[in-house]
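Asker: Okay, so here is protein.txt, and as you'll see once you scroll down, it has compact mmCIF, C-alpha atoms.
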# COMPACT_ATOMS: atom_id res chain seq x y z
CA MET A 1 -26.98 54.70 -0.82
CA LYS A 2 -26.65 52.68 -3.99
CA ARG A 3 -23.34 54.40 -4.76
CA PHE A 4 -22.10 53.57 -1.25
CA ILE A 5 -22.98 49.89 -1.64
CA LEU A 6 -21.25 49.75 -5.03
CA ALA A 7 -18.17 51.45 -3.61
CA ALA A 8 -18.10 49.14 -0.61
CA THR A 9 -18.46 46.09 -2.87
CA ALA A 10 -15.56 47.29 -5.00
CA VAL A 11 -13.34 47.78 -1.97
CA PHE A 12 -14.29 44.36 -0.60
CA SER A 13 -13.47 42.68 -3.90
CA LEU A 14 -10.03 44.26 -3.76
CA LEU A 15 -9.42 43.28 -0.15
CA THR A 16 -10.62 39.69 -0.42
CA PRO A 17 -7.53 38.30 -2.20
CA ALA A 18 -5.30 39.98 0.39
CA CYS A 19 -7.37 38.51 3.20
CA VAL A 20 -7.18 35.06 1.61
CA GLN A 21 -3.42 35.49 1.24
CA GLN A 22 -3.02 36.45 4.88
CA GLN A 23 -5.11 33.49 5.98
CA MET A 24 -3.07 31.06 3.87
CA GLN A 25 0.19 32.53 5.14
CA LYS A 26 -1.05 32.22 8.72
CA ILE A 27 -2.00 28.57 8.24
CA ALA A 28 1.43 27.69 6.81
CA TYR A 29 3.28 29.73 9.43
CA ASN A 30 1.44 28.16 12.36
CA SER A 31 1.30 24.61 11.01
CA ARG A 32 3.20 21.91 12.89
CA VAL A 33 2.87 19.42 10.04
CA VAL A 34 5.71 18.44 7.73
CA VAL A 35 5.12 16.36 4.61
CA LEU A 36 7.93 14.31 3.07
CA ASP A 37 7.60 13.01 -0.47
CA ILE A 38 9.68 9.99 -1.53
CA GLY A 39 10.73 10.98 -5.04
CA HIS A 40 9.80 9.01 -8.17
CA TYR A 41 8.13 5.62 -7.69
CA TYR A 42 8.66 1.85 -7.58
CA GLU A 43 7.85 -0.20 -10.68
CA PRO A 44 7.20 -3.93 -9.99
CA THR A 45 9.36 -5.31 -12.79
CA ARG A 46 12.08 -2.66 -12.92
CA GLY A 47 12.44 -1.48 -9.31
CA GLY A 48 12.89 2.14 -8.34
CA GLN A 49 12.64 4.66 -11.17
CA GLY A 50 14.89 7.44 -9.89
CA ALA A 51 18.60 8.21 -10.19
CA ARG A 52 20.96 5.33 -9.52
CA THR A 53 24.62 4.41 -9.30
CA PRO A 54 26.16 3.43 -12.67
CA ASP A 55 27.03 -0.04 -11.34
CA ALA A 56 27.95 -1.83 -8.11
CA THR A 57 31.74 -1.47 -8.32
CA LYS A 58 32.02 1.31 -5.72
CA GLY A 59 30.79 -0.64 -2.73
CA GLY A 60 27.24 -1.47 -3.84
CA SER A 61 24.34 -0.08 -5.83
CA ILE A 62 21.85 2.61 -4.77
CA GLU A 63 18.60 3.78 -6.37
CA GLU A 64 17.15 6.97 -4.89
CA THR A 65 13.52 5.86 -4.49
CA GLU A 66 14.55 2.63 -2.77
CA PHE A 67 17.03 4.54 -0.60
CA TRP A 68 14.35 6.88 0.69
CA TYR A 69 11.90 4.04 1.33
CA ARG A 70 14.56 2.70 3.69
CA TYR A 71 15.49 6.00 5.32
CA ALA A 72 12.59 8.46 5.11
CA GLY A 73 11.46 7.03 8.42
CA GLU A 74 14.66 8.37 10.01
CA VAL A 75 13.81 11.87 8.79
CA LYS A 76 10.31 11.44 10.19
CA LYS A 77 11.54 10.23 13.60
CA THR A 78 13.86 13.23 13.88
CA ILE A 79 11.04 15.65 13.10
CA GLU A 80 8.54 13.98 15.42
CA ALA A 81 11.05 13.77 18.27
CA ALA A 82 11.07 17.59 18.18
CA GLY A 83 7.29 17.71 18.70
CA TYR A 84 6.09 18.16 15.10
CA GLU A 85 3.84 15.93 13.01
CA CYS A 86 5.34 14.27 9.95
CA ARG A 87 3.58 12.50 7.08
CA ILE A 88 5.24 10.69 4.19
CA CYS A 89 3.82 10.11 0.73
CA ASN A 90 4.83 8.66 -2.61
CA ARG A 91 3.12 9.03 -5.99
CA GLY A 92 3.22 5.31 -6.76
CA ASP A 93 1.79 2.13 -5.24
CA ILE A 94 3.23 0.00 -2.43
CA PRO A 95 6.46 -1.67 -3.62
CA ASN A 96 6.23 -5.40 -4.24
CA ASN A 97 9.69 -5.74 -2.70
CA ARG A 98 8.98 -7.21 0.74
CA LYS A 99 11.64 -5.23 2.63
CA LEU A 100 10.69 -1.92 1.03
CA ALA A 101 6.99 -2.59 1.63
CA GLU A 102 7.72 -3.26 5.30
CA ALA A 103 9.79 -0.07 5.55
CA ALA A 104 6.88 1.85 4.01
CA ARG A 105 4.46 0.29 6.50
CA LYS A 106 6.65 1.19 9.47
CA ALA A 107 7.06 4.77 8.25
CA GLY A 108 3.35 5.12 7.52
CA VAL A 109 3.85 6.04 3.86
CA HIS A 110 0.70 7.19 2.11
CA HIS A 111 0.73 5.87 -1.47
CA VAL A 112 -1.12 8.25 -3.78
CA LYS A 113 -1.33 5.51 -6.44
CA SER A 114 -1.15 7.82 -9.44
CA PRO A 115 -2.98 6.05 -12.29
CA ILE A 116 0.04 6.64 -14.54
CA PRO A 117 3.07 7.71 -12.43
CA THR A 118 4.83 9.24 -15.46
CA ALA A 119 1.83 11.33 -16.56
CA ILE A 120 1.34 15.05 -16.04
CA TYR A 121 -1.36 15.98 -13.52
CA ARG A 122 -2.93 19.26 -12.47
CA SER A 123 -2.81 20.86 -9.06
CA THR A 124 -6.20 20.74 -7.35
CA HIS A 125 -5.24 23.77 -5.28
CA HIS A 126 -3.76 25.89 -8.10
CA PRO A 127 -5.14 24.58 -11.42
CA LYS A 128 -2.72 26.43 -13.68
CA ARG A 129 0.11 24.33 -12.24
CA VAL A 130 0.77 20.98 -13.93
CA ALA A 131 3.61 18.51 -13.47
CA VAL A 132 4.64 14.89 -13.28
CA GLY A 133 4.32 13.97 -9.62
CA MET A 134 1.71 16.66 -8.89
CA LEU A 135 -0.60 14.17 -7.15
CA SER A 136 1.89 13.92 -4.30
CA THR A 137 1.88 17.71 -4.03
CA ASN A 138 -1.92 17.67 -3.96
CA TYR A 139 -1.77 15.26 -1.02
CA ALA A 140 0.87 17.40 0.70
CA LEU A 141 -1.13 20.62 0.42
CA ASP A 142 -4.27 18.83 1.65
CA GLN A 143 -2.40 18.40 4.98
CA GLN A 144 -2.02 22.21 5.40
CA PRO A 145 1.70 21.79 6.14
CA GLY A 146 4.31 24.15 7.45
CA ALA A 147 6.90 22.63 5.11
CA VAL A 148 7.12 20.10 2.28
CA VAL A 149 10.36 18.26 1.52
CA PHE A 150 10.78 16.24 -1.67
CA LEU A 151 13.39 13.55 -0.91
CA HIS A 152 15.73 12.96 -3.86
CA HIS A 153 19.31 12.20 -4.82
CA ASN A 154 20.93 13.31 -8.06
CA SER A 155 23.08 11.84 -10.82
CA ASN A 156 24.78 13.78 -13.58
CA SER A 157 26.33 10.89 -15.50
CA GLU A 158 25.75 7.28 -16.51
CA THR A 159 29.38 6.58 -15.62
CA TRP A 160 31.29 7.24 -12.40
CA ARG A 161 32.21 10.90 -12.12
CA VAL A 162 33.20 13.04 -9.14
CA PHE A 163 30.70 15.88 -9.00
CA ASN A 164 30.12 17.85 -5.82
CA LYS A 165 27.73 20.71 -6.58
CA GLY A 166 24.70 19.42 -4.73
CA ALA A 167 21.88 21.77 -3.76
CA PHE A 168 18.55 22.29 -2.09
CA TYR A 169 16.08 23.52 -4.73
CA CYS A 170 13.35 25.69 -3.24
CA ASN A 171 10.41 27.96 -3.91
CA GLU A 172 10.32 31.61 -2.79
CA ALA A 173 8.54 30.71 0.43
CA GLY A 174 11.19 28.07 1.09
CA VAL A 175 14.40 30.09 0.80
CA ARG A 176 14.96 30.21 4.56
CA LEU A 177 14.08 26.52 4.84
CA ALA A 178 16.67 25.70 2.15
CA GLN A 179 19.27 27.94 3.78
CA THR A 180 18.79 26.28 7.15
CA MET A 181 18.86 22.77 5.72
CA SER A 182 22.01 23.67 3.79
CA GLN A 183 23.71 25.00 6.92
CA VAL A 184 22.99 21.77 8.80
CA MET A 185 24.12 19.61 5.88
CA ASN A 186 27.36 21.56 5.50
CA ARG A 187 28.05 21.40 9.23
CA ASP A 188 27.11 17.80 9.96
CA ILE A 189 27.62 15.81 6.76
CA LEU A 190 29.63 17.35 3.92
CA ASP A 191 33.35 16.92 4.60
CA ALA A 192 32.55 16.70 8.32
CA LYS A 193 35.20 14.90 10.33
CA PRO A 194 35.09 12.20 11.44
CA GLY A 195 32.66 10.24 9.31
CA GLY A 196 31.48 12.92 6.87
CA MET A 197 30.60 12.56 3.21
CA PRO A 198 33.61 13.65 1.10
CA ASN A 199 32.74 16.68 -1.03
CA ASN A 200 36.08 18.31 -1.93
CA GLY A 201 35.30 21.32 0.24
CA VAL A 202 32.30 22.36 -1.88
CA PRO A 203 29.38 23.62 0.25
CA CYS A 204 25.81 22.64 -0.46
CA GLY A 205 24.11 25.18 -2.70
CA ILE A 206 20.65 26.77 -2.68
CA VAL A 207 18.76 27.16 -5.96
CA LEU A 208 15.49 29.08 -6.33
CA ARG A 209 13.38 27.19 -8.86
CA ASN A 210 10.32 29.10 -10.03
CA ASP A 211 10.55 28.68 -13.79
CA GLY A 212 7.28 26.75 -14.04
CA ARG A 213 8.74 23.76 -15.87
CA LYS A 214 6.63 20.60 -15.97
CA GLY A 215 8.84 19.14 -13.27
CA GLY A 216 10.04 20.36 -9.91
CA GLY A 217 9.28 23.96 -10.87
CA ASP A 218 5.53 23.49 -10.73
CA TRP A 219 5.63 21.24 -7.66
CA LEU A 220 7.35 24.11 -5.93
CA ASN A 221 5.16 26.78 -7.51
CA ALA A 222 1.97 25.04 -6.37
CA CYS A 223 3.35 25.00 -2.83
CA ASN A 224 4.43 28.62 -3.18
CA GLU A 225 0.92 29.70 -4.13
CA SER A 226 -0.26 28.22 -0.83
CA TYR A 227 2.64 30.07 0.90
CA VAL A 228 4.13 26.74 1.95
CA PRO A 229 7.94 26.49 2.13
CA ALA A 230 9.05 23.63 -0.12
CA VAL A 231 12.45 22.12 -0.87
CA ILE A 232 13.79 19.39 -3.16
CA THR A 233 16.87 17.64 -1.75
CA GLU A 234 19.51 17.07 -4.45
CA VAL A 235 22.59 16.98 -2.24
CA ALA A 236 24.19 13.61 -3.01
CA PHE A 237 25.22 12.52 -6.51
CA LEU A 238 24.84 8.78 -7.00
CA SER A 239 27.29 8.96 -9.92
CA ASN A 240 29.93 10.33 -7.52
CA PRO A 241 31.85 7.29 -6.19
CA GLU A 242 32.68 9.07 -2.90
CA HIS A 243 29.01 9.84 -2.26
CA ALA A 244 27.97 6.32 -3.22
CA ARG A 245 30.53 4.70 -0.91
CA TYR A 246 29.36 6.91 1.93
CA LEU A 247 25.64 6.30 1.48
CA ASN A 248 26.10 2.56 0.94
CA LYS A 249 26.96 2.24 4.64
CA HIS A 250 23.81 1.97 6.73
CA GLU A 251 25.10 4.12 9.58
CA ASN A 252 26.03 6.90 7.15
CA ALA A 253 22.66 6.75 5.40
CA VAL A 254 20.99 7.17 8.79
CA LYS A 255 23.23 10.18 9.57
CA PHE A 256 22.36 11.75 6.23
CA ALA A 257 18.60 11.25 6.71
CA ARG A 258 18.67 12.59 10.26
CA ALA A 259 20.55 15.69 9.06
CA ILE A 260 17.68 16.36 6.65
CA GLY A 261 15.29 16.12 9.59
CA ARG A 262 17.42 18.37 11.80
CA GLY A 263 17.48 21.04 9.11
CA VAL A 264 13.69 21.03 8.93
CA VAL A 265 13.33 21.15 12.71
CA GLN A 266 15.82 24.01 13.06
CA TYR A 267 13.87 26.00 10.47
CA LEU A 268 10.53 25.37 12.18
CA ASN A 269 11.93 26.28 15.59
CA GLN A 270 13.24 29.59 14.25
CA ARG A 271 10.09 30.75 12.46
Translate the structure described by the file into structure tokens.
Answerer:
Amino acid sequence: MKRFILAATAVFSLLTPACVQQQMQKIAYNSRVVVLDIGHYYEPTRGGQGARTPDATKGGSIEETEFWYRYAGEVKKTIEAAGYECRICNRGDIPNNRKLAEAARKAGVHHVKSPIPTAIYRSTHHPKRVAVGMLSTNYALDQQPGAVVFLHHNSNSETWRVFNKGAFYCNEAGVRLAQTMSQVMNRDILDAKPGGMPNNGVPCGIVLRNDGRKGGGDWLNACNESYVPAVITEVAFLSNPEHARYLNKHENAVKFARAIGRGVVQYLNQR
């Protein structure tokens, strides 16, 4: 009898991780919640702390954090119009810019208020994962989401330079999410006529990032270990004058944001 109990205990200990895995996968698969993270943060004296245009000579200036404060709500409306729940977060505090603060209020942005936004924090769900910005990922995983999208733009130069190789960076669980979002972006925004964002015929790429760097890699890895599809949007280059001109127009920025939302919805509908 004792041998039987010991054998049964050994089998149970082997099965438990698999059962936990299946349960976590089921939660993510069935979830109707999407979490959007507005990348970087707003600093009261210096403004947004993300990528930005080199100057204002190409139709105006853009900073990625401030851009997404203005337009993350359009992504959210697109997702919620399809019957899903959408929550938005940011690792910083409420901007002291009145217009951005009002945009955050309207979009229902949850401010994590990281004590030091540039510091490295540990995942509460997967403690071996550490990264700048991890507190936003902690919030996201607390929501038991079906997808997490980190809203960013890119810049590869401090001077104006045409660069078109934008991408959706994803974890292993998020490959199909990234593929779907890329398909929608290529169809509806990049080089689309009329009114598309010029991209010299270069399609949006998909990059699997699982290298565990103290950056996006561990944001994505923490999500992956909860079996949650996660994607970082790095499609537009703010150092590309054609991208900057396009996104500086309000109606184009709305189109771009809604395309992000449509990509998420299409993925969720096809699960």
Asker: Need to verify the contact set: Cys170 (chain A), 7 Å, all atoms listed in the file, exclusion of same-chain residues closer than 4 positions in sequence. Can you return it as a list in words?
Answerer: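 Result of the neighbour search: Gly174, Val175, Ala178, Val207, Leu208, Arg209, Leu220, Ala230, Val231 and Ile232 of chain A.
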Asker: Please compute the CA of Gly195 (chain A)-CA of Pro241 (chain A) distance, one decimal, in Å.
Answerer: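 That distance, rounded to one decimal, is 15.8 Å.
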Asker: Extract, using only C-alpha atoms, all DNA, RNA and protein residues at most 12 Å from Pro194 (chain A), discarding same-chain residues fewer than 6 positions from it, and format them as an mmCIF file with C-alpha atoms, keeping the file's coordinate frame.
Answerer:
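Produced file around-v9.cif, reproduced below:
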data_model
loop_
_atom_site.group_PDB
_atom_site.id
_atom_site.type_symbol
_atom_site.label_atom_id
_atom_site.label_comp_id
_atom_site.auth_asym_id
_atom_site.auth_seq_id
_atom_site.Cartn_x
_atom_site.Cartn_y
_atom_site.Cartn_z
ATOM 1 C CA ARG A 187 28.050 21.400 9.230
ATOM 2 C CA ASP A 188 27.110 17.800 9.960
ATOM 3 C CA ASN A 252 26.030 6.900 7.150
#
Asker: Find the residue from A:Ala257, A:Ala167, A:Cys204, A:Val112 that sits nearest to Asp191 (chain A); use only C-alpha atoms when measuring.
Answerer: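 Smallest distance to Asp191 (chain A) is found for A:Cys204.
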Asker: Please measure the separation of CA of Glu43 (chain A) and CA of Phe168 (chain A), giving the value in Å to one decimal.
Answerer: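 Computing it gives 26.3 Å between the two atoms.
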Asker: Which one of A:Val132, A:Ala56, A:Ala28, A:Val265 sits closest to Arg245 (chain A) if you count all atoms listed in the file?
Answerer: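 So, comparing all the options, the nearest one is A:Ala56.
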Asker: Name the closest residue to Asn30 (chain A) among the candidates A:Ala147, A:Ala140, A:Ala244, A:Val235; distances are taken between atoms, counting all atoms listed in the file.
Answerer: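 Ranking A:Ala147, A:Ala140, A:Ala244, A:Val235 by distance to Asn30 (chain A), first place goes to A:Ala147.
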Asker: Given all atoms listed in the file as the basis, pick out the residue of A:Asp218, A:Glu234, A:Asp142, A:Glu251 nearest to Ile27 (chain A).
Answerer: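 Smallest distance to Ile27 (chain A) is found for A:Asp142.
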Asker: Rounded to one decimal in Å, what is the spacing between CA of His126 (chain A) and CA of Tyr267 (chain A)?
Answerer: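 If I compute the distance from CA of His126 (chain A) to CA of Tyr267 (chain A), I get 25.6 Å.
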Asker: Excluding Tyr246 (chain A) and residues on its chain fewer than 4 positions from it, collect all residues at most 10 Å away from it, counting only C-alpha atoms, and give them as number ranges by chain.
Answerer: A: 58-59, 195-198, 236, 241-242, 250-253, 256
Asker: Identify the residues around (10.4, -0.9, 7.1) within a radius of 12 Å, measuring from all atoms listed in the file in the coordinates stated by the file, and give them as a list of chain:residue names.
Answerer: A:Glu66, A:Phe67, A:Trp68, A:Tyr69, A:Arg70, A:Tyr71, A:Ala72, A:Gly73, A:Glu74, A:Ile94, A:Pro95, A:Asn97, A:Arg98, A:Lys99, A:Leu100, A:Ala101, A:Glu102, A:Ala103, A:Ala104, A:Arg105, A:Lys106, A:Ala107, A:Gly108, A:Val109
Asker: Considering only C-alpha atoms, can you say which of A:Cys223, A:Asn96, A:Ile79, A:Val264 comes closest to Thr45 (chain A)?
Answerer: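 Comparing A:Cys223, A:Asn96, A:Ile79, A:Val264 against Thr45 (chain A), the winner is A:Asn96.
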Asker: List the spatial neighbours of Asn138 (chain A) as a CSV table (one decimal) with C-alpha atoms, in the coordinates of the input - criterion: any atom at most 12 Å away, only C-alpha atoms, same-chain residues fewer than 2 positions off excluded.
Answerer:
chain,number,residue,atom,x,y,z
A,35,VAL,CA,5.1,16.4,4.6
A,37,ASP,CA,7.6,13.0,-0.5
A,89,CYS,CA,3.8,10.1,0.7
A,90,ASN,CA,4.8,8.7,-2.6
A,91,ARG,CA,3.1,9.0,-6.0
A,112,VAL,CA,-1.1,8.2,-3.8
A,114,SER,CA,-1.2,7.8,-9.4
A,121,TYR,CA,-1.4,16.0,-13.5
A,122,ARG,CA,-2.9,19.3,-12.5
A,123,SER,CA,-2.8,20.9,-9.1
A,124,THR,CA,-6.2,20.7,-7.4
A,125,HIS,CA,-5.2,23.8,-5.3
A,126,HIS,CA,-3.8,25.9,-8.1
A,127,PRO,CA,-5.1,24.6,-11.4
A,129,ARG,CA,0.1,24.3,-12.2
A,130,VAL,CA,0.8,21.0,-13.9
A,131,ALA,CA,3.6,18.5,-13.5
A,132,VAL,CA,4.6,14.9,-13.3
A,133,GLY,CA,4.3,14.0,-9.6
A,134,MET,CA,1.7,16.7,-8.9
A,135,LEU,CA,-0.6,14.2,-7.2
A,136,SER,CA,1.9,13.9,-4.3
A,140,ALA,CA,0.9,17.4,0.7
A,141,LEU,CA,-1.1,20.6,0.4
A,142,ASP,CA,-4.3,18.8,1.6
A,143,GLN,CA,-2.4,18.4,5.0
A,144,GLN,CA,-2.0,22.2,5.4
A,145,PRO,CA,1.7,21.8,6.1
A,148,VAL,CA,7.1,20.1,2.3
A,218,ASP,CA,5.5,23.5,-10.7
A,219,TRP,CA,5.6,21.2,-7.7
A,220,LEU,CA,7.4,24.1,-5.9
A,222,ALA,CA,2.0,25.0,-6.4
A,223,CYS,CA,3.4,25.0,-2.8
A,226,SER,CA,-0.3,28.2,-0.8
Asker: For Asn199 (chain A), which residue out of A:Ser182, A:Asn224, A:Asn248, A:Asn240 is the nearest one, using all atoms listed in the file?
Answerer: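 Smallest separation from Asn199 (chain A) among the options: A:Asn240.
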